[in-house]
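Asks: This is the content of run28.tsv (TSV, C-alpha atoms):
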chain	number	residue	atom	x	y	z
A	1	MET	CA	25.62	-25.28	-42.81
A	2	ARG	CA	26.35	-26.85	-39.48
A	3	THR	CA	25.21	-25.18	-36.35
A	4	PRO	CA	28.02	-24.70	-33.86
A	5	LEU	CA	27.95	-27.14	-31.03
A	6	ARG	CA	27.31	-25.59	-27.65
A	7	ALA	CA	29.47	-26.60	-24.80
A	8	PRO	CA	27.52	-28.51	-22.19
A	9	ARG	CA	26.59	-26.39	-19.24
A	10	ILE	CA	28.41	-27.59	-16.17
A	11	ARG	CA	26.30	-27.35	-13.08
A	12	ARG	CA	28.06	-27.55	-9.78
A	13	PRO	CA	26.68	-30.17	-7.40
A	14	GLY	CA	26.28	-27.80	-4.49
A	15	ARG	CA	24.68	-24.93	-6.41
A	16	PRO	CA	21.00	-25.99	-5.95
A	17	ALA	CA	21.56	-26.29	-2.21
A	18	ALA	CA	23.27	-22.88	-2.13
A	19	GLU	CA	20.41	-21.27	-4.08
A	20	ALA	CA	17.83	-22.88	-1.80
A	21	GLY	CA	19.73	-21.65	1.24
A	22	ALA	CA	19.90	-18.14	-0.21
A	23	LEU	CA	16.14	-18.15	-0.82
A	24	LEU	CA	15.45	-19.32	2.73
A	25	LEU	CA	17.74	-16.64	4.12
A	26	ALA	CA	16.07	-13.95	1.98
A	27	ALA	CA	12.63	-15.15	3.14
A	28	ALA	CA	13.73	-15.05	6.79
A	29	VAL	CA	15.02	-11.49	6.35
A	30	ALA	CA	11.93	-10.30	4.45
A	31	PHE	CA	9.35	-11.94	6.74
A	32	PRO	CA	9.48	-9.27	9.50
A	33	LEU	CA	8.93	-6.57	6.88
A	34	TYR	CA	6.02	-8.53	5.44
A	35	TRP	CA	4.49	-8.97	8.89
A	36	MET	CA	4.89	-5.26	9.63
A	37	VAL	CA	3.09	-4.21	6.45
A	38	LEU	CA	0.44	-6.90	6.95
A	39	SER	CA	-0.25	-5.78	10.52
A	40	ALA	CA	-0.54	-2.19	9.33
A	41	PHE	CA	-3.43	-3.19	7.04
A	42	LYS	CA	-5.13	-5.62	9.43
A	43	PRO	CA	-8.24	-4.49	11.32
A	44	ALA	CA	-7.96	-4.21	15.08
A	45	GLY	CA	-9.80	-7.46	15.70
A	46	GLU	CA	-7.34	-9.53	13.67
A	47	ILE	CA	-4.29	-7.89	15.26
A	48	GLN	CA	-5.52	-8.71	18.76
A	49	SER	CA	-6.52	-12.24	17.84
A	50	THR	CA	-4.86	-15.07	19.78
A	51	GLU	CA	-4.50	-17.00	16.52
A	52	PRO	CA	-2.90	-14.56	14.05
A	53	LEU	CA	-2.97	-15.49	10.38
A	54	PRO	CA	-0.26	-14.59	7.82
A	55	TRP	CA	-2.89	-12.91	5.63
A	56	THR	CA	-6.00	-10.78	5.86
A	57	LEU	CA	-9.21	-10.85	3.85
A	58	HIS	CA	-10.41	-7.51	5.20
A	59	PRO	CA	-7.63	-4.92	4.71
A	60	SER	CA	-8.19	-1.61	6.46
A	61	LEU	CA	-6.60	1.84	6.39
A	62	ASP	CA	-7.73	2.80	9.89
A	63	ALA	CA	-4.22	2.45	11.32
A	64	PHE	CA	-2.80	4.81	8.69
A	65	ARG	CA	-5.59	7.30	9.39
A	66	ARG	CA	-4.67	7.31	13.08
A	67	VAL	CA	-1.02	7.86	12.16
A	68	PHE	CA	-1.62	10.84	9.88
A	69	GLN	CA	-4.14	12.33	12.28
A	70	GLN	CA	-1.54	12.51	15.02
A	71	GLN	CA	-0.56	16.05	15.89
A	72	ASP	CA	2.79	17.20	14.47
A	73	PHE	CA	3.37	13.95	12.57
A	74	GLY	CA	4.14	15.93	9.41
A	75	ARG	CA	6.55	18.14	11.34
A	76	TYR	CA	8.35	15.09	12.70
A	77	PHE	CA	8.65	13.76	9.17
A	78	LEU	CA	10.17	17.02	7.91
A	79	ASN	CA	12.58	17.14	10.86
A	80	SER	CA	13.81	13.63	10.09
A	81	LEU	CA	14.16	14.49	6.41
A	82	PHE	CA	16.10	17.65	7.22
A	83	VAL	CA	18.48	15.97	9.69
A	84	ALA	CA	19.13	12.99	7.40
A	85	GLY	CA	19.61	15.23	4.36
A	86	VAL	CA	22.11	17.51	6.10
A	87	VAL	CA	24.07	14.55	7.48
A	88	VAL	CA	24.23	12.86	4.06
A	89	ILE	CA	25.36	15.96	2.16
A	90	VAL	CA	27.82	17.34	4.73
A	91	SER	CA	29.34	13.96	5.56
A	92	ALA	CA	29.79	13.15	1.87
A	93	LEU	CA	31.62	16.42	1.17
A	94	ILE	CA	33.83	16.22	4.26
A	95	ALA	CA	34.58	12.54	3.70
A	96	PHE	CA	35.54	13.19	0.08
A	97	LEU	CA	37.98	15.95	1.02
A	98	ALA	CA	39.39	14.01	3.96
A	99	ALA	CA	39.81	10.79	1.95
A	100	THR	CA	41.64	12.74	-0.75
A	101	ALA	CA	43.92	14.33	1.84
A	102	VAL	CA	44.89	11.08	3.60
A	103	THR	CA	45.40	9.30	0.26
A	104	ARG	CA	47.21	11.88	-1.88
A	105	PHE	CA	49.25	13.74	0.73
A	106	ARG	CA	51.95	12.64	3.14
A	107	PHE	CA	51.92	14.28	6.56
A	108	ARG	CA	52.73	13.44	10.14
A	109	PHE	CA	50.36	11.23	12.11
A	110	ARG	CA	48.58	10.15	8.93
A	111	THR	CA	48.68	6.48	9.94
A	112	THR	CA	47.63	7.37	13.48
A	113	LEU	CA	44.65	9.25	12.10
A	114	LEU	CA	43.58	6.28	9.99
A	115	ILE	CA	43.86	3.96	12.99
A	116	MET	CA	41.69	6.35	14.98
A	117	PHE	CA	39.05	6.08	12.27
A	118	LEU	CA	38.98	2.32	12.76
A	119	VAL	CA	38.92	2.59	16.54
A	120	ALA	CA	35.99	5.00	16.34
A	121	GLN	CA	33.94	2.31	14.60
A	122	THR	CA	34.44	-0.14	17.47
A	123	VAL	CA	33.04	2.10	20.21
A	124	PRO	CA	29.34	1.37	20.95
A	125	VAL	CA	26.99	4.28	20.48
A	126	GLU	CA	25.33	3.57	23.82
A	127	ALA	CA	28.65	4.08	25.64
A	128	LEU	CA	29.00	7.59	24.23
A	129	THR	CA	25.43	8.81	24.67
A	130	ILE	CA	25.91	10.28	28.15
A	131	PRO	CA	29.24	12.03	27.31
A	132	LEU	CA	27.65	13.39	24.15
A	133	PHE	CA	24.71	14.66	26.19
A	134	PHE	CA	26.99	16.79	28.37
A	135	LEU	CA	28.98	17.85	25.30
A	136	MET	CA	25.83	19.04	23.52
A	137	ARG	CA	24.79	20.88	26.67
A	138	ASP	CA	28.11	22.72	26.88
A	139	VAL	CA	28.13	23.44	23.13
A	140	GLY	CA	24.63	24.89	23.44
A	141	ASP	CA	25.81	27.28	26.14
A	142	ALA	CA	28.65	28.50	23.89
A	143	VAL	CA	26.88	28.37	20.49
A	144	PRO	CA	23.11	28.94	20.62
A	145	GLY	CA	21.11	26.86	18.16
A	146	ILE	CA	23.31	23.76	18.29
A	147	GLY	CA	22.83	22.48	21.85
A	148	LEU	CA	20.16	20.33	23.42
A	149	ASN	CA	16.58	20.52	22.16
A	150	THR	CA	17.74	21.59	18.70
A	151	LEU	CA	18.16	19.71	15.44
A	152	GLY	CA	21.85	20.55	15.57
A	153	ALA	CA	22.15	18.21	18.56
A	154	LEU	CA	21.12	15.38	16.23
A	155	ILE	CA	23.14	16.46	13.21
A	156	LEU	CA	26.55	16.79	14.89
A	157	PRO	CA	26.67	13.33	16.56
A	158	HIS	CA	25.53	11.58	13.38
A	159	LEU	CA	28.19	13.42	11.42
A	160	ALA	CA	30.80	12.28	13.92
A	161	PHE	CA	29.70	8.64	13.67
A	162	SER	CA	29.28	8.51	9.89
A	163	LEU	CA	32.52	10.25	8.89
A	164	PRO	CA	35.07	7.59	9.97
A	165	PHE	CA	33.37	4.85	7.96
A	166	ALA	CA	32.86	7.13	4.96
A	167	ILE	CA	36.48	8.33	4.96
A	168	TRP	CA	37.88	4.82	5.30
A	169	MET	CA	35.67	3.52	2.49
A	170	LEU	CA	36.38	6.42	0.12
A	171	ARG	CA	40.13	5.91	0.47
A	172	GLY	CA	39.88	2.94	-1.86
A	173	PHE	CA	38.09	4.92	-4.54
A	174	VAL	CA	40.54	7.82	-4.40
A	175	ARG	CA	43.49	5.43	-4.46
A	176	ALA	CA	42.04	3.66	-7.52
A	177	VAL	CA	42.34	6.89	-9.55
A	178	PRO	CA	45.85	6.78	-11.07
A	179	GLU	CA	48.19	9.58	-10.16
A	180	ALA	CA	49.15	9.83	-13.85
A	181	LEU	CA	45.66	11.23	-14.49
A	182	GLU	CA	46.26	13.94	-11.92
A	183	GLU	CA	49.65	14.78	-13.42
A	184	ALA	CA	48.14	14.95	-16.92
A	185	ALA	CA	45.46	17.33	-15.68
A	186	TYR	CA	48.08	19.61	-14.15
A	187	LEU	CA	50.09	19.57	-17.38
A	188	ASP	CA	46.96	20.64	-19.26
A	189	GLY	CA	46.66	23.66	-16.98
A	190	ALA	CA	44.03	22.41	-14.54
A	191	SER	CA	44.27	23.74	-11.03
A	192	ARG	CA	44.07	21.49	-7.98
A	193	ALA	CA	40.52	22.61	-7.27
A	194	ARG	CA	39.44	21.91	-10.85
A	195	PHE	CA	40.95	18.44	-10.78
A	196	LEU	CA	39.33	17.78	-7.44
A	197	TRP	CA	35.77	18.69	-8.42
A	198	GLN	CA	35.63	18.13	-12.18
A	199	ILE	CA	37.74	14.96	-12.52
A	200	LEU	CA	38.21	13.21	-9.18
A	201	PHE	CA	34.74	13.85	-7.74
A	202	PRO	CA	32.82	12.19	-10.64
A	203	LEU	CA	35.14	9.18	-10.51
A	204	VAL	CA	34.55	8.53	-6.80
A	205	PHE	CA	30.87	9.48	-6.89
A	206	PRO	CA	29.69	5.82	-6.73
A	207	GLY	CA	31.60	5.46	-3.48
A	208	LEU	CA	29.96	8.60	-2.13
A	209	VAL	CA	26.55	7.14	-2.94
A	210	ALA	CA	27.40	3.89	-1.15
A	211	THR	CA	28.48	5.69	2.01
A	212	SER	CA	25.50	8.04	1.81
A	213	VAL	CA	23.09	5.11	1.97
A	214	PHE	CA	24.53	3.95	5.27
A	215	SER	CA	24.54	7.50	6.64
A	216	PHE	CA	20.93	8.06	5.61
A	217	ILE	CA	19.64	4.81	7.08
A	218	SER	CA	21.42	5.22	10.43
A	219	THR	CA	20.30	8.83	10.78
A	220	TRP	CA	16.72	8.23	9.63
A	221	ASN	CA	16.15	5.32	12.03
A	222	ASP	CA	17.86	6.94	15.02
A	223	PHE	CA	15.90	6.79	18.24
A	224	LEU	CA	18.61	6.91	20.91
A	225	PHE	CA	19.95	10.39	20.14
A	226	ALA	CA	16.47	11.78	19.45
A	227	LYS	CA	15.23	10.53	22.82
A	228	SER	CA	18.33	11.68	24.72
A	229	PHE	CA	18.99	15.12	23.18
A	230	ILE	CA	15.45	16.38	22.49
A	231	ILE	CA	14.08	16.76	26.00
A	232	SER	CA	11.40	19.45	26.10
A	233	ALA	CA	11.27	20.93	22.57
A	234	THR	CA	8.87	18.38	21.09
A	235	GLU	CA	8.58	20.46	17.93
A	236	ASN	CA	12.15	19.37	17.11
A	237	SER	CA	11.46	15.67	17.54
A	238	THR	CA	12.04	13.28	14.66
A	239	LEU	CA	9.85	10.58	13.17
A	240	PRO	CA	10.96	7.66	15.42
A	241	MET	CA	9.67	9.65	18.37
A	242	ALA	CA	6.19	9.59	16.82
A	243	LEU	CA	6.05	5.86	17.59
A	244	LEU	CA	5.90	6.62	21.31
A	245	VAL	CA	2.41	8.07	20.88
A	246	PHE	CA	1.05	4.59	20.14
A	247	PHE	CA	2.62	3.01	23.23
A	248	LYS	CA	0.03	3.41	25.96
A	249	PRO	CA	0.02	2.26	29.61
A	250	ASP	CA	-3.13	0.17	29.31
A	251	GLU	CA	-2.85	-1.25	25.79
A	252	ASN	CA	-0.48	-0.58	22.89
A	253	ASP	CA	-1.90	0.40	19.53
A	254	TRP	CA	-0.04	-2.20	17.48
A	255	GLY	CA	-1.85	-1.25	14.30
A	256	GLY	CA	-0.69	2.34	14.65
A	257	ILE	CA	2.83	1.22	15.53
A	258	MET	CA	3.06	-0.97	12.44
A	259	ALA	CA	1.51	1.68	10.20
A	260	ALA	CA	3.92	4.36	11.46
A	261	SER	CA	6.83	1.96	10.98
A	262	THR	CA	5.68	1.29	7.42
A	263	VAL	CA	5.51	5.02	6.71
A	264	MET	CA	9.04	5.39	8.11
A	265	THR	CA	10.31	2.64	5.82
A	266	VAL	CA	8.98	4.20	2.61
A	267	PRO	CA	11.55	7.07	2.35
A	268	VAL	CA	14.40	4.60	2.90
A	269	LEU	CA	13.10	2.39	0.09
A	270	VAL	CA	12.65	5.39	-2.22
A	271	PHE	CA	16.18	6.61	-1.49
A	272	PHE	CA	17.55	3.12	-2.08
A	273	VAL	CA	15.71	2.76	-5.41
A	274	LEU	CA	16.99	6.13	-6.61
A	275	VAL	CA	20.64	5.29	-5.92
A	276	GLN	CA	20.66	1.51	-6.41
A	277	ARG	CA	22.69	1.58	-9.63
A	278	ARG	CA	25.33	3.81	-8.13
A	279	LEU	CA	25.21	1.76	-4.95
A	280	VAL	CA	25.98	-1.51	-6.73
A	281	SER	CA	28.92	-0.01	-8.60
A	282	GLY	CA	30.13	1.67	-5.42
A	283	LEU	CA	30.06	-1.52	-3.37
A	284	GLY	CA	31.70	-3.37	-6.25
A	285	GLY	CA	34.50	-0.83	-6.31
A	286	ALA	CA	34.95	-1.16	-2.56
A	287	VAL	CA	35.15	-4.95	-2.78
A	288	LYS	CA	37.58	-4.76	-5.70
A	289	ASP	CA	39.83	-2.48	-3.74
Represent the structure from my file as structure tokens, please.

Replies:
Amino acid sequence: MRTPLRAPRIRRPGRPAAEAGALLLAAAVAFPLYWMVLSAFKPAGEIQSTEPLPWTLHPSLDAFRRVFQQQDFGRYFLNSLFVAGVVVIVSALIAFLAATAVTRFRFRFRTTLLIMFLVAQTVPVEALTIPLFFLMRDVGDAVPGIGLNTLGALILPHLAFSLPFAIWMLRGFVRAVPEALEEAAYLDGASRARFLWQILFPLVFPGLVATSVFSFISTWNDFLFAKSFIISATENSTLPMALLVFFKPDENDWGGIMAASTVMTVPVLVFFVLVQRRLVSGLGGAVKD
């Protein structure tokens, strides 16, 4: 019995160079993260050395001890987790409903609204910080518990900045669901609400995960809004504000800064690992659209 002949594998001439370039690019992107983690485990003498080495033979946990011994560090962590969690959940629900509305329904100013979503993405955050400061101050006077020095002052701006991108991205997923499926569901007696949550929502869920990752990362790493809107109520500060403790007038505690930054990175990595499968399919659906 003859074994079937395998077709020769054609290797493109430029592929080795492309793979080498991709590896170099990945190494360049990962090197700052490696240096951050390495500095977090280095003893103080090696961090302050004039000839730093890309390794350490004497790893130490002193920097992490100083981080966790800081007063209210755990509270800052919980505040960041709460703000990021609320922004992710609320923005996902609102974006899903809004994307369904602008995709399935025809109404006046629909195109204008979509263009406004795009324009909102082009405005720098720094240009809106001062107007948002006065807005949060006025909102706090009208609605207690949402103004300055509250966690609501961090939640509302992040919702406003994450929703345009999420709505625009979810439009492709809602549009990919054929209208014949919706008509079949109505013929079978399903109400609009049942179709929305039991049929359409699971189909666009990968897109929701993809947008949630961006919302979580931007909210978790926010320093500008936390510094601008939390003025005197330090108990409502978030985790990026904890880094300021290690910046001192005489000498910065770089070990503590790197250790705190490493601790801040862990929840982002955990969240990414938990949703990576949905994230890949969600980004693939967005590219396909």

Asks: Which value, in Å to one decimal, gives the distance between atom CA of A:Gly145 and atom CA of A:Ser162?

Replies: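 Straight-line distance from atom CA of A:Gly145 to atom CA of A:Ser162 works out to 21.7 Å.
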
Asks: Ranking A:Val125, A:Ala176, A:Ala233, A:Ala184 by minimum distance to A:Leu151 and counting all atoms listed in the file, which one comes first?

Replies: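 Comparing A:Val125, A:Ala176, A:Ala233, A:Ala184 against A:Leu151, the winner is A:Ala233.
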
Asks: Would you list the residues near (-1.2, -12.0, 17.1), meaning any protein, DNA or RNA residue with an atom at most 12 Å from that point in file coordinates, counting only C-alpha atoms, as a PDB file with C-alpha atoms, in the coordinates of the input?

Replies:
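Result saved to selection-v3.pdb:
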ATOM      1  CA  TRP A  35       4.490  -8.970   8.890  1.00  0.00           C
ATOM      2  CA  MET A  36       4.890  -5.260   9.630  1.00  0.00           C
ATOM      3  CA  LEU A  38       0.440  -6.900   6.950  1.00  0.00           C
ATOM      4  CA  SER A  39      -0.250  -5.780  10.520  1.00  0.00           C
ATOM      5  CA  LYS A  42      -5.130  -5.620   9.430  1.00  0.00           C
ATOM      6  CA  PRO A  43      -8.240  -4.490  11.320  1.00  0.00           C
ATOM      7  CA  ALA A  44      -7.960  -4.210  15.080  1.00  0.00           C
ATOM      8  CA  GLY A  45      -9.800  -7.460  15.700  1.00  0.00           C
ATOM      9  CA  GLU A  46      -7.340  -9.530  13.670  1.00  0.00           C
ATOM     10  CA  ILE A  47      -4.290  -7.890  15.260  1.00  0.00           C
ATOM     11  CA  GLN A  48      -5.520  -8.710  18.760  1.00  0.00           C
ATOM     12  CA  SER A  49      -6.520 -12.240  17.840  1.00  0.00           C
ATOM     13  CA  THR A  50      -4.860 -15.070  19.780  1.00  0.00           C
ATOM     14  CA  GLU A  51      -4.500 -17.000  16.520  1.00  0.00           C
ATOM     15  CA  PRO A  52      -2.900 -14.560  14.050  1.00  0.00           C
ATOM     16  CA  LEU A  53      -2.970 -15.490  10.380  1.00  0.00           C
ATOM     17  CA  PRO A  54      -0.260 -14.590   7.820  1.00  0.00           C
ATOM     18  CA  TRP A  55      -2.890 -12.910   5.630  1.00  0.00           C
ATOM     19  CA  TRP A 254      -0.040  -2.200  17.480  1.00  0.00           C
ATOM     20  CA  GLY A 255      -1.850  -1.250  14.300  1.00  0.00           C
TER      21      GLY A 255
END

Asks: Between A:Phe133, A:Phe73, A:Phe173, A:Phe161, which is the closest to A:Phe117 once you count all atoms listed in the file?

Replies: A:Phe161

Asks: Pick out the closest residue to A:Ala226 from this set: A:Phe247, A:Glu19, A:Ser80, A:Gln69. Count all atoms listed in the file.

Replies: A:Ser80

Asks: Given only C-alpha atoms as the basis, pick out the residue of A:Val83, A:Ala17, A:Ala127, A:Leu135 nearest to A:Gly152.

Replies: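 Closest residue, counting only C-alpha atoms: A:Val83.
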
Asks: Residues proximal to (-11.6, -6.2, 4.3) were defined as those with any atom within 10 Å of that point in the file's coordinates, counting all atoms listed in the file. Which are they, as a PyMOL selection string?

Replies: chain A and resi 41-43+56-61

Asks: Please measure the separation of atom CA of A:Ser232 and atom CA of A:Asn149, giving the value in Å to one decimal.

Replies: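 So the two atoms, atom CA of A:Ser232 and atom CA of A:Asn149, lie 6.6 Å apart.
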
Asks: For each of A:Leu78, A:Thr238, A:Ser212, A:Phe246, take the minimum atom-to-atom distance to A:Phe272, counting only C-alpha atoms, then give the residue where this is smallest.

Replies: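 Between A:Leu78, A:Thr238, A:Ser212, A:Phe246, the residue approaching A:Phe272 most closely is A:Ser212.
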
Asks: Quick one: everything within 8 Å of stretch 217-220 of chain A, counting all atoms listed in the file, minus sequence neighbours fewer than 6 positions away in the same chain. Send it as a list in words.

Replies: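 Returned residues: Ser80, Leu81, Val83, Ala84, Val87, His158 and Val268 of chain A.
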
Asks: Restricting the calculation to all atoms listed in the file: of A:Ile115, A:Ala210, A:Ile167, A:Val29, which residue gets closest to A:Phe96?

Replies: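 Of A:Ile115, A:Ala210, A:Ile167, A:Val29, the one nearest A:Phe96 is A:Ile167, counting all atoms listed in the file.
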
Asks: Work out how far atom CA of A:Leu159 is from atom CA of A:Ile130, in Å to one decimal.

Replies: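 That distance, rounded to one decimal, is 17.2 Å.
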
Asks: Which residues are near A:Leu239? Cut-off 12 Å, only C-alpha atoms, ignore same chain within fewer than 5 positions. Put them as an MDAnalysis selection string.

Replies: chainID A and resid 67:68 70 72:84 219:223 226:227 234 244:245 257 260:265 267

Asks: Would you kindly place N, CA, C and O atoms on stretch 16-35 of chain A and return the model as a compact mmCIF listing (two decimals), in the frame of the given file?

Replies:
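Below you can see result24.txt, which holds the result:
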# COMPACT_ATOMS: atom_id res chain seq x y z
N PRO A 16 22.42 -26.02 -6.35
CA PRO A 16 21.00 -25.99 -5.95
C PRO A 16 20.82 -25.80 -4.45
O PRO A 16 19.93 -25.06 -4.01
N ALA A 17 21.67 -26.44 -3.66
CA ALA A 17 21.56 -26.29 -2.21
C ALA A 17 21.89 -24.85 -1.78
O ALA A 17 21.24 -24.29 -0.90
N ALA A 18 22.91 -24.25 -2.45
CA ALA A 18 23.27 -22.88 -2.13
C ALA A 18 22.15 -21.92 -2.50
O ALA A 18 21.84 -20.98 -1.75
N GLU A 19 21.52 -22.13 -3.67
CA GLU A 19 20.41 -21.27 -4.08
C GLU A 19 19.22 -21.43 -3.14
O GLU A 19 18.55 -20.44 -2.78
N ALA A 20 18.94 -22.67 -2.73
CA ALA A 20 17.83 -22.88 -1.80
C ALA A 20 18.12 -22.21 -0.45
O ALA A 20 17.23 -21.60 0.16
N GLY A 21 19.36 -22.32 -0.01
CA GLY A 21 19.73 -21.65 1.24
C GLY A 21 19.62 -20.14 1.15
O GLY A 21 19.17 -19.48 2.09
N ALA A 22 20.01 -19.59 -0.02
CA ALA A 22 19.90 -18.14 -0.21
C ALA A 22 18.44 -17.69 -0.20
O ALA A 22 18.09 -16.65 0.37
N LEU A 23 17.56 -18.48 -0.82
CA LEU A 23 16.14 -18.15 -0.82
C LEU A 23 15.55 -18.20 0.59
O LEU A 23 14.75 -17.34 0.98
N LEU A 24 15.94 -19.23 1.35
CA LEU A 24 15.45 -19.32 2.73
C LEU A 24 15.95 -18.15 3.58
O LEU A 24 15.19 -17.59 4.39
N LEU A 25 17.19 -17.78 3.37
CA LEU A 25 17.74 -16.64 4.12
C LEU A 25 17.03 -15.35 3.74
O LEU A 25 16.71 -14.52 4.61
N ALA A 26 16.78 -15.15 2.42
CA ALA A 26 16.07 -13.95 1.98
C ALA A 26 14.65 -13.92 2.55
O ALA A 26 14.14 -12.87 2.95
N ALA A 27 13.99 -15.09 2.58
CA ALA A 27 12.63 -15.15 3.14
C ALA A 27 12.63 -14.83 4.64
O ALA A 27 11.74 -14.13 5.14
N ALA A 28 13.65 -15.33 5.36
CA ALA A 28 13.73 -15.05 6.79
C ALA A 28 13.97 -13.56 7.05
O ALA A 28 13.43 -12.99 8.01
N VAL A 29 14.76 -12.92 6.18
CA VAL A 29 15.02 -11.49 6.35
C VAL A 29 13.80 -10.66 5.98
O VAL A 29 13.48 -9.65 6.64
N ALA A 30 13.07 -11.08 4.93
CA ALA A 30 11.93 -10.30 4.45
C ALA A 30 10.66 -10.53 5.27
O ALA A 30 9.74 -9.70 5.21
N PHE A 31 10.59 -11.63 6.02
CA PHE A 31 9.35 -11.94 6.74
C PHE A 31 8.97 -10.87 7.77
O PHE A 31 7.79 -10.50 7.85
N PRO A 32 9.89 -10.34 8.58
CA PRO A 32 9.48 -9.27 9.50
C PRO A 32 8.91 -8.05 8.79
O PRO A 32 7.96 -7.43 9.29
N LEU A 33 9.48 -7.69 7.63
CA LEU A 33 8.93 -6.57 6.88
C LEU A 33 7.53 -6.89 6.37
O LEU A 33 6.64 -6.03 6.41
N TYR A 34 7.35 -8.12 5.90
CA TYR A 34 6.02 -8.53 5.44
C TYR A 34 5.01 -8.49 6.58
O TYR A 34 3.88 -8.01 6.41
N TRP A 35 5.41 -8.96 7.75
CA TRP A 35 4.49 -8.97 8.89
C TRP A 35 4.17 -7.55 9.36
O TRP A 35 3.05 -7.27 9.80
